[in-house]
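Participant: For reference, the file target-v4.cif (mmCIF, C-alpha atoms and all ligand atoms) is included below:
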```cif
data_coords
#
loop_
_atom_site.label_atom_id
_atom_site.label_comp_id
_atom_site.auth_asym_id
_atom_site.auth_seq_id
_atom_site.Cartn_x
_atom_site.Cartn_y
_atom_site.Cartn_z
CA MET W 1 -23.75 28.39 -26.13
CA ARG W 2 -23.39 25.86 -23.35
CA GLY W 3 -20.68 23.23 -23.42
CA ASN W 4 -21.18 19.71 -24.70
CA SER W 5 -23.94 18.02 -22.78
CA VAL W 6 -26.69 15.63 -23.73
CA ILE W 7 -30.06 17.37 -23.62
CA LEU W 8 -32.13 14.51 -25.04
CA GLU W 9 -31.51 10.79 -24.92
CA VAL W 10 -33.63 8.27 -26.79
CA LYS W 11 -32.98 4.75 -25.60
CA ASP W 12 -34.13 1.66 -27.47
CA ILE W 13 -37.61 2.92 -28.35
CA SER W 14 -39.96 0.90 -30.54
CA LYS W 15 -43.40 1.69 -31.90
CA HIS W 16 -45.67 -0.84 -33.57
CA PHE W 17 -48.92 -0.34 -35.41
CA GLY W 18 -50.56 -3.75 -35.50
CA GLY W 19 -48.06 -5.96 -37.31
CA LEU W 20 -46.04 -3.02 -38.60
CA THR W 21 -42.89 -1.93 -36.82
CA ALA W 22 -42.64 1.79 -37.49
CA VAL W 23 -39.69 2.37 -35.13
CA ASN W 24 -37.40 -0.47 -34.12
CA ARG W 25 -35.15 -0.19 -31.04
CA LEU W 26 -34.02 3.30 -31.90
CA SER W 27 -31.37 5.00 -29.77
CA PHE W 28 -29.60 8.34 -30.09
CA GLU W 29 -28.34 11.26 -28.05
CA VAL W 30 -28.69 14.92 -28.91
CA GLN W 31 -26.09 17.43 -27.72
CA GLU W 32 -27.39 20.71 -26.41
CA GLY W 33 -27.11 23.65 -28.80
CA THR W 34 -26.80 21.51 -31.93
CA VAL W 35 -28.99 20.71 -34.92
CA PHE W 36 -29.56 16.96 -35.06
CA GLY W 37 -30.87 15.59 -38.34
CA ILE W 38 -33.12 12.59 -38.95
CA ILE W 39 -33.33 11.49 -42.57
CA GLY W 40 -34.58 8.40 -44.37
CA PRO W 41 -36.94 7.30 -47.13
CA ASN W 42 -40.75 7.72 -46.95
CA GLY W 43 -42.27 5.62 -44.20
CA SER W 44 -38.95 4.99 -42.45
CA GLY W 45 -40.26 6.18 -39.07
CA LYS W 46 -39.08 9.80 -38.84
CA THR W 47 -42.42 11.38 -37.92
CA THR W 48 -43.28 8.47 -35.63
CA SER W 49 -40.02 9.07 -33.76
CA LEU W 50 -40.91 12.74 -33.23
CA ASN W 51 -44.40 11.68 -32.14
CA CYS W 52 -42.86 9.44 -29.49
CA ILE W 53 -40.63 12.26 -28.23
CA ASN W 54 -43.35 14.89 -27.95
CA GLY W 55 -45.88 12.54 -26.38
CA LEU W 56 -48.36 12.09 -29.23
CA PHE W 57 -47.43 8.40 -29.10
CA ARG W 58 -46.26 6.37 -26.14
CA PRO W 59 -43.45 4.11 -27.36
CA ASP W 60 -44.20 0.39 -26.89
CA GLU W 61 -40.79 -0.01 -25.36
CA GLY W 62 -37.77 2.07 -24.52
CA ARG W 63 -37.17 5.28 -22.64
CA ILE W 64 -36.68 8.95 -23.44
CA PHE W 65 -34.78 11.35 -21.21
CA PHE W 66 -34.89 15.14 -21.36
CA ARG W 67 -32.09 16.63 -19.25
CA GLY W 68 -31.96 13.30 -17.43
CA ARG W 69 -35.69 13.26 -16.66
CA GLU W 70 -37.71 10.37 -18.03
CA ILE W 71 -40.48 11.73 -20.29
CA GLN W 72 -41.90 8.86 -22.37
CA GLY W 73 -45.64 8.61 -21.88
CA LEU W 74 -46.11 12.22 -20.76
CA PRO W 75 -48.95 13.92 -22.65
CA PRO W 76 -47.94 16.45 -25.37
CA HIS W 77 -48.96 19.55 -23.40
CA GLN W 78 -46.69 18.52 -20.55
CA VAL W 79 -43.82 17.73 -22.88
CA ALA W 80 -44.29 21.21 -24.37
CA LYS W 81 -44.36 22.75 -20.92
CA ILE W 82 -41.04 21.24 -19.88
CA GLY W 83 -39.35 22.70 -22.95
CA ILE W 84 -39.89 20.60 -26.07
CA GLY W 85 -41.64 22.40 -28.95
CA ARG W 86 -42.72 20.74 -32.15
CA THR W 87 -43.88 21.63 -35.67
CA PHE W 88 -45.77 19.33 -38.01
CA GLN W 89 -45.26 17.99 -41.52
CA VAL W 90 -48.63 19.56 -42.39
CA PRO W 91 -48.67 22.77 -40.32
CA LYS W 92 -51.33 22.71 -37.60
CA ILE W 93 -52.12 26.39 -37.47
CA PHE W 94 -55.62 27.76 -36.86
CA LYS W 95 -56.98 28.80 -40.25
CA ARG W 96 -59.97 30.92 -39.21
CA ILE W 97 -58.29 33.20 -36.72
CA SER W 98 -55.61 35.84 -37.23
CA VAL W 99 -51.88 35.34 -37.19
CA MET W 100 -51.67 37.26 -33.89
CA GLU W 101 -54.41 35.10 -32.33
CA ASN W 102 -52.53 32.01 -33.48
CA LEU W 103 -49.48 33.24 -31.59
CA LEU W 104 -51.39 34.06 -28.42
CA ALA W 105 -53.32 30.76 -28.33
CA PRO W 106 -50.58 28.61 -26.72
CA VAL W 107 -49.86 31.19 -23.99
CA LEU W 108 -53.44 31.98 -22.94
CA SER W 109 -52.77 30.87 -19.38
CA SER W 110 -49.48 32.80 -19.15
CA PRO W 111 -49.15 35.17 -16.20
CA ARG W 112 -47.74 37.81 -18.56
CA THR W 113 -49.98 40.68 -19.68
CA ASP W 114 -51.67 40.75 -23.06
CA GLN W 115 -49.48 43.70 -23.97
CA GLU W 116 -46.28 41.87 -23.12
CA LEU W 117 -47.38 38.79 -25.05
CA LYS W 118 -48.32 40.83 -28.11
CA ALA W 119 -44.98 42.61 -28.00
CA LYS W 120 -43.22 39.24 -27.84
CA ALA W 121 -45.35 37.93 -30.73
CA ARG W 122 -44.51 41.00 -32.85
CA GLU W 123 -40.83 40.56 -32.12
CA HIS W 124 -41.00 36.97 -33.39
CA LEU W 125 -43.06 37.95 -36.45
CA HIS W 126 -40.60 40.71 -37.25
CA SER W 127 -37.69 38.26 -37.05
CA VAL W 128 -39.20 36.19 -39.87
CA GLY W 129 -40.37 39.12 -41.98
CA MET W 130 -44.07 38.63 -41.17
CA LEU W 131 -44.79 41.63 -38.98
CA GLU W 132 -47.27 43.19 -41.39
CA MET W 133 -49.29 39.95 -41.43
CA GLU W 134 -50.49 39.91 -37.84
CA ASP W 135 -54.12 40.62 -38.80
CA ARG W 136 -54.28 38.15 -41.67
CA LEU W 137 -56.24 34.93 -41.21
CA GLY W 138 -54.25 31.72 -41.00
CA GLU W 139 -55.84 30.49 -44.22
CA GLU W 140 -54.58 33.55 -46.13
CA LEU W 141 -50.95 32.54 -45.63
CA SER W 142 -48.92 30.58 -48.14
CA GLY W 143 -47.76 27.09 -47.19
CA GLY W 144 -44.30 28.41 -46.35
CA GLN W 145 -45.69 31.26 -44.25
CA GLN W 146 -47.84 28.76 -42.35
CA LYS W 147 -44.70 26.79 -41.53
CA LEU W 148 -42.93 29.93 -40.33
CA LEU W 149 -45.97 30.87 -38.25
CA GLU W 150 -45.93 27.44 -36.64
CA LEU W 151 -42.24 27.89 -35.84
CA VAL W 152 -42.68 31.29 -34.19
CA ARG W 153 -45.78 30.05 -32.38
CA ILE W 154 -43.80 27.41 -30.49
CA LEU W 155 -41.24 30.11 -29.66
CA MET W 156 -43.94 31.86 -27.63
CA PHE W 157 -43.40 29.36 -24.82
CA ASP W 158 -39.63 29.49 -25.21
CA PRO W 159 -38.77 25.79 -25.71
CA GLN W 160 -35.27 24.41 -25.19
CA ILE W 161 -35.58 21.91 -28.02
CA LEU W 162 -37.47 22.40 -31.26
CA LEU W 163 -38.57 19.35 -33.23
CA LEU W 164 -39.12 20.37 -36.85
CA ASP W 165 -40.89 17.95 -39.20
CA GLU W 166 -40.20 18.79 -42.86
CA PRO W 167 -39.96 22.56 -42.33
CA PHE W 168 -38.74 23.20 -45.89
CA ALA W 169 -41.17 21.08 -47.91
CA GLY W 170 -42.90 23.28 -50.49
CA VAL W 171 -41.32 26.41 -49.04
CA HIS W 172 -40.31 29.22 -51.41
CA PRO W 173 -36.50 29.76 -51.47
CA THR W 174 -36.85 33.27 -49.99
CA LEU W 175 -38.73 31.89 -46.98
CA LYS W 176 -36.28 29.04 -46.71
CA THR W 177 -33.49 31.59 -46.28
CA LEU W 178 -35.50 33.18 -43.46
CA PHE W 179 -35.89 29.76 -41.87
CA TYR W 180 -32.15 29.16 -42.02
CA LYS W 181 -31.47 32.57 -40.47
CA LYS W 182 -33.93 31.92 -37.68
CA ILE W 183 -32.41 28.52 -36.90
CA HIS W 184 -28.91 30.05 -36.76
CA GLU W 185 -30.13 32.86 -34.52
CA LEU W 186 -31.86 30.43 -32.15
CA ARG W 187 -28.82 28.18 -32.01
CA LYS W 188 -26.73 31.14 -30.93
CA GLN W 189 -29.18 31.52 -28.04
CA GLY W 190 -28.42 27.92 -27.08
CA LYS W 191 -31.51 26.24 -28.56
CA THR W 192 -31.33 22.66 -29.78
CA PHE W 193 -33.06 21.31 -32.89
CA ILE W 194 -34.12 17.96 -34.22
CA LEU W 195 -34.63 18.42 -37.93
CA VAL W 196 -36.53 15.85 -40.00
CA SER W 197 -36.25 16.59 -43.70
CA HIS W 198 -36.08 15.15 -47.19
CA ASP W 199 -34.18 18.27 -48.20
CA LEU W 200 -30.71 16.76 -47.87
CA THR W 201 -28.93 19.93 -48.95
CA SER W 202 -30.47 21.76 -46.00
CA VAL W 203 -29.82 18.86 -43.62
CA TYR W 204 -26.17 18.69 -44.63
CA ALA W 205 -25.80 22.46 -44.31
CA LEU W 206 -27.52 22.81 -40.92
CA CYS W 207 -26.85 19.64 -38.93
CA GLN W 208 -23.80 18.67 -36.91
CA GLN W 209 -24.97 15.09 -36.44
CA ILE W 210 -27.36 13.02 -38.56
CA ILE W 211 -29.03 9.65 -38.18
CA VAL W 212 -30.51 7.71 -41.06
CA LEU W 213 -33.61 5.56 -40.64
CA ASP W 214 -34.73 2.78 -42.93
CA GLN W 215 -37.87 0.78 -42.14
CA GLY W 216 -37.79 1.97 -38.56
CA GLU W 217 -34.16 1.13 -37.93
CA LYS W 218 -31.15 3.37 -37.57
CA ILE W 219 -28.81 2.33 -40.36
CA ALA W 220 -26.20 5.08 -40.00
CA GLN W 221 -25.09 7.95 -37.82
CA GLY W 222 -22.45 10.58 -38.31
CA ARG W 223 -21.45 14.04 -39.42
CA PRO W 224 -22.78 15.28 -42.78
CA GLU W 225 -19.60 14.39 -44.67
CA GLU W 226 -19.72 10.84 -43.26
CA ILE W 227 -23.39 10.37 -44.10
CA LYS W 228 -22.97 11.68 -47.66
CA ARG W 229 -20.56 8.91 -48.58
CA ASN W 230 -22.14 6.09 -46.54
CA GLU W 231 -22.97 3.16 -48.84
CA ARG W 232 -25.98 1.99 -46.85
CA VAL W 233 -27.46 5.45 -46.97
CA ILE W 234 -27.01 5.77 -50.71
CA GLU W 235 -28.58 2.33 -51.12
CA ALA W 236 -31.54 3.15 -48.85
CA TYR W 237 -32.31 6.21 -50.93
CA LEU W 238 -31.56 4.90 -54.39
CA GLY W 239 -31.61 1.13 -54.05
CA ARG W 240 -35.35 0.58 -54.09
N1 LIG W 301 -50.97 6.43 -36.73
C1 LIG W 301 -50.52 5.43 -37.49
N2 LIG W 301 -51.22 4.30 -37.66
C2 LIG W 301 -50.76 3.29 -38.43
N3 LIG W 301 -49.58 3.32 -39.09
C3 LIG W 301 -48.85 4.42 -38.98
C4 LIG W 301 -49.27 5.55 -38.19
N4 LIG W 301 -48.30 6.52 -38.26
C5 LIG W 301 -47.35 6.01 -39.07
N5 LIG W 301 -47.66 4.77 -39.50
C6 LIG W 301 -46.83 3.90 -40.36
O1 LIG W 301 -45.55 3.84 -39.76
C7 LIG W 301 -44.52 3.88 -40.75
C8 LIG W 301 -43.61 5.05 -40.48
O2 LIG W 301 -44.34 6.25 -40.76
P1 LIG W 301 -43.75 7.70 -40.53
O3 LIG W 301 -44.85 8.64 -40.78
O4 LIG W 301 -43.07 7.75 -39.23
O5 LIG W 301 -42.67 7.79 -41.70
P2 LIG W 301 -41.79 9.02 -42.17
O6 LIG W 301 -40.38 8.58 -42.16
O7 LIG W 301 -42.15 10.23 -41.42
O8 LIG W 301 -42.26 9.15 -43.72
P3 LIG W 301 -42.40 10.46 -44.66
O9 LIG W 301 -41.02 10.74 -45.15
O10 LIG W 301 -43.29 9.99 -45.76
O11 LIG W 301 -42.99 11.56 -43.85
C9 LIG W 301 -45.24 3.94 -42.09
O12 LIG W 301 -45.33 2.63 -42.61
C10 LIG W 301 -46.60 4.51 -41.74
O13 LIG W 301 -47.57 4.07 -42.66
MG MG W 302 -43.00 12.03 -41.89
#
```
I'd like the structure from this file rewritten - as structure tokens, please.
Facilitator:
Amino acid sequence: MRGNSVILEVKDISKHFGGLTAVNRLSFEVQEGTVFGIIGPNGSGKTTSLNCINGLFRPDEGRIFFRGREIQGLPPHQVAKIGIGRTFQVPKIFKRISVMENLLAPVLSSPRTDQELKAKAREHLHSVGMLEMEDRLGEELSGGQQKLLELVRILMFDPQILLLDEPFAGVHPTLKTLFYKKIHELRKQGKTFILVSHDLTSVYALCQQIIVLDQGEKIAQGRPEEIKRNERVIEAYLGR
């Protein structure tokens, strides 16, 4: 793992939808090789923040730096290309094509041979216990398997940062264990994660640093043990 260095910096970003402020002057820094958690009640702006980072939304104000390079406003495919991969709250896999075809789709224009790409895809499938599923259709997978497929699909273009939106929601405990293992393995390779999740047990177990959003604002930041006993956090979750 590389030493402490900031891989992603979010600086004062805001996103409005009409009169609604979904994200309000949000700032944070993510250290390379860590798992950075974003938690907060429903509608607090977690997914919108990820959407701003990966280019689905252009923030109305503020800046985002990836390895010092300004990236806000770049389209999602370019953000992916420079090394930021992303999964979705509702997995966006292709339902009517096979698992293998799902994995090859994002690397169609790769200079590598079909054989090399398939070998890489099988390696990833094997690492999450899904090797025997390569010929299944996307729609035949369980919700948890779809989430794992989405994770290994972004690995096909070898991102430096992985943004995971609710990876554990509705996922069977056995698959969750596989997810954990995969995250640990990728961290050892130096990958960085931003993890958005309502599964606080997982967030506390996996993350080194956590921010808490409430109505678009960052109300707390710290290590898991600091967040657990933070009054404002407890109130945001239980107070309403
Ligand atoms: N495309 C959009 N158009 C209009 N409003 C939106 C849009 N996306 C999000 N919002 C609103 O912005 C606010 C933040 O939503 P967001 O999805 O970021 O919350 P979240 O923290 O991810 O919630 P959850 O935990 O339910 O996934 C909500 O009030 C939501 O209704
Ligand atoms: Mg969300």
Participant: What's the separation between atom CA of W:Ser197 and atom CA of W:Glu166, in Å to one decimal place?
Facilitator: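 We find that atom CA of W:Ser197 and atom CA of W:Glu166 lie 4.6 Å from each other.
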Participant: Find, counting only C-alpha atoms and all ligand atoms, the residue in W:His16, W:Lys92, W:His77, W:Lys182 that gets nearest to ligand LIG 301 (chain W).
Facilitator: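 Among the listed residues, W:His16 lies closest to ligand LIG 301 (chain W).
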Participant: Around ligand LIG 301 (chain W), out to 8 Å and counting all atoms listed in the file, which residues are there? I want them as an MDAnalysis selection string.
Facilitator: chainID W and resid 16:18 20:23 39:49 89 166 197:198 213 215:216
Participant: So, with only C-alpha atoms and all ligand atoms as the atoms that count, which of W:Glu150, W:Glu61, W:Glu140, W:Asp165 lies closest to ligand MG 302 (chain W)?
Facilitator: W:Asp165
Participant: With only C-alpha atoms and all ligand atoms as the basis for distance, which of W:Ala105, W:Ile82, W:Val35, W:Leu164 is at the shortest distance from ligand MG 302 (chain W)?
Facilitator: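 Answer, going by the shortest atom-to-atom distance: W:Leu164.
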Participant: Could you list, as a ChimeraX atom specification, every residue within 9 Å of W:Ile219, counting all atoms listed in the file and ignoring same-chain residues fewer than 3 positions away?
Facilitator: /W:211-214,232-233,236
Participant: At a cut-off of 7 Å, using only C-alpha atoms, what residues contact stretch 158-162 of chain W? Leave out same-chain residues fewer than 6 positions from it and give the result as number ranges by chain.
Facilitator: W: 83-86, 191-194
Participant: Would you mind exporting the chosen residues as an mmCIF file, in the coordinates of the input, restricted to C-alpha atoms?
Facilitator:
```cif
data_model
loop_
_atom_site.group_PDB
_atom_site.id
_atom_site.type_symbol
_atom_site.label_atom_id
_atom_site.label_comp_id
_atom_site.auth_asym_id
_atom_site.auth_seq_id
_atom_site.Cartn_x
_atom_site.Cartn_y
_atom_site.Cartn_z
ATOM 1 C CA GLY W 83 -39.350 22.700 -22.950
ATOM 2 C CA ILE W 84 -39.890 20.600 -26.070
ATOM 3 C CA GLY W 85 -41.640 22.400 -28.950
ATOM 4 C CA ARG W 86 -42.720 20.740 -32.150
ATOM 5 C CA LYS W 191 -31.510 26.240 -28.560
ATOM 6 C CA THR W 192 -31.330 22.660 -29.780
ATOM 7 C CA PHE W 193 -33.060 21.310 -32.890
ATOM 8 C CA ILE W 194 -34.120 17.960 -34.220
#
```
Participant: Write out as a PyMOL selection string each polymer residue whose atoms come within 10 Å of W:Leu117, counting only C-alpha atoms; drop sequence neighbours fewer than 2 positions from it.
Facilitator: chain W and resi 100+103-104+107-108+110-115+119-123+156
Participant: Report, in Å with one decimal, the straight-line distance from atom CA of W:Arg69 to atom CA of W:Leu148.
Facilitator: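 Distance between the two atoms: 29.8 Å.
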Participant: Using all atoms listed in the file, pick whichever of W:Gly144, W:Pro91, W:Pro59, W:Pro173 has the shortest atom-to-atom distance to W:Leu74.
Facilitator: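 The closest residue to W:Leu74 is W:Pro59.
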Participant: Between W:Ser142, W:Thr87, W:Asn230, W:Thr177, which is the closest to ligand MG 302 (chain W) once you count all atoms listed in the file?
Facilitator: W:Thr87
Participant: Which is closest to W:Leu26 among W:Ile7, W:Glu217, W:Tyr237, W:Val152, if we use all atoms listed in the file?
Facilitator: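 So, comparing all the options, the nearest one is W:Glu217.
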Participant: What does the distance between atom CA of W:Glu134 and atom CA of W:Glu101 come to in Å, to one decimal place?
Facilitator: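 A separation of 8.3 Å between them.
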Participant: Excluding same-chain residues fewer than 2 positions from W:Val99, what lies within 10 Å of it counting only C-alpha atoms, as an MDAnalysis selection string?
Facilitator: chainID W and resid 93:97 101:104 121 125 130:131 133:141 146 149:150 153
Participant: Taking all atoms of stretch 113-117 of chain W that appear in the file, build a box with edges along x, y and z, extend it by 6 Å on every side, and state its centre and edge lengths in Å to one decimal, as lines of an AutoDock Vina configuration file.
Facilitator:
```
center_x = -49.0
center_y = 41.2
center_z = -22.4
size_x = 17.4
size_y = 16.9
size_z = 17.4
```
Participant: Could you give me, as a list in words, the residues within 10 Å of W:Lys181, counting only C-alpha atoms and dropping anything in the same chain fewer than 6 positions from it?
Facilitator: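 Using only C-alpha atoms, the neighbours found are Ser127, Val128, Leu175 and Arg187 of chain W.
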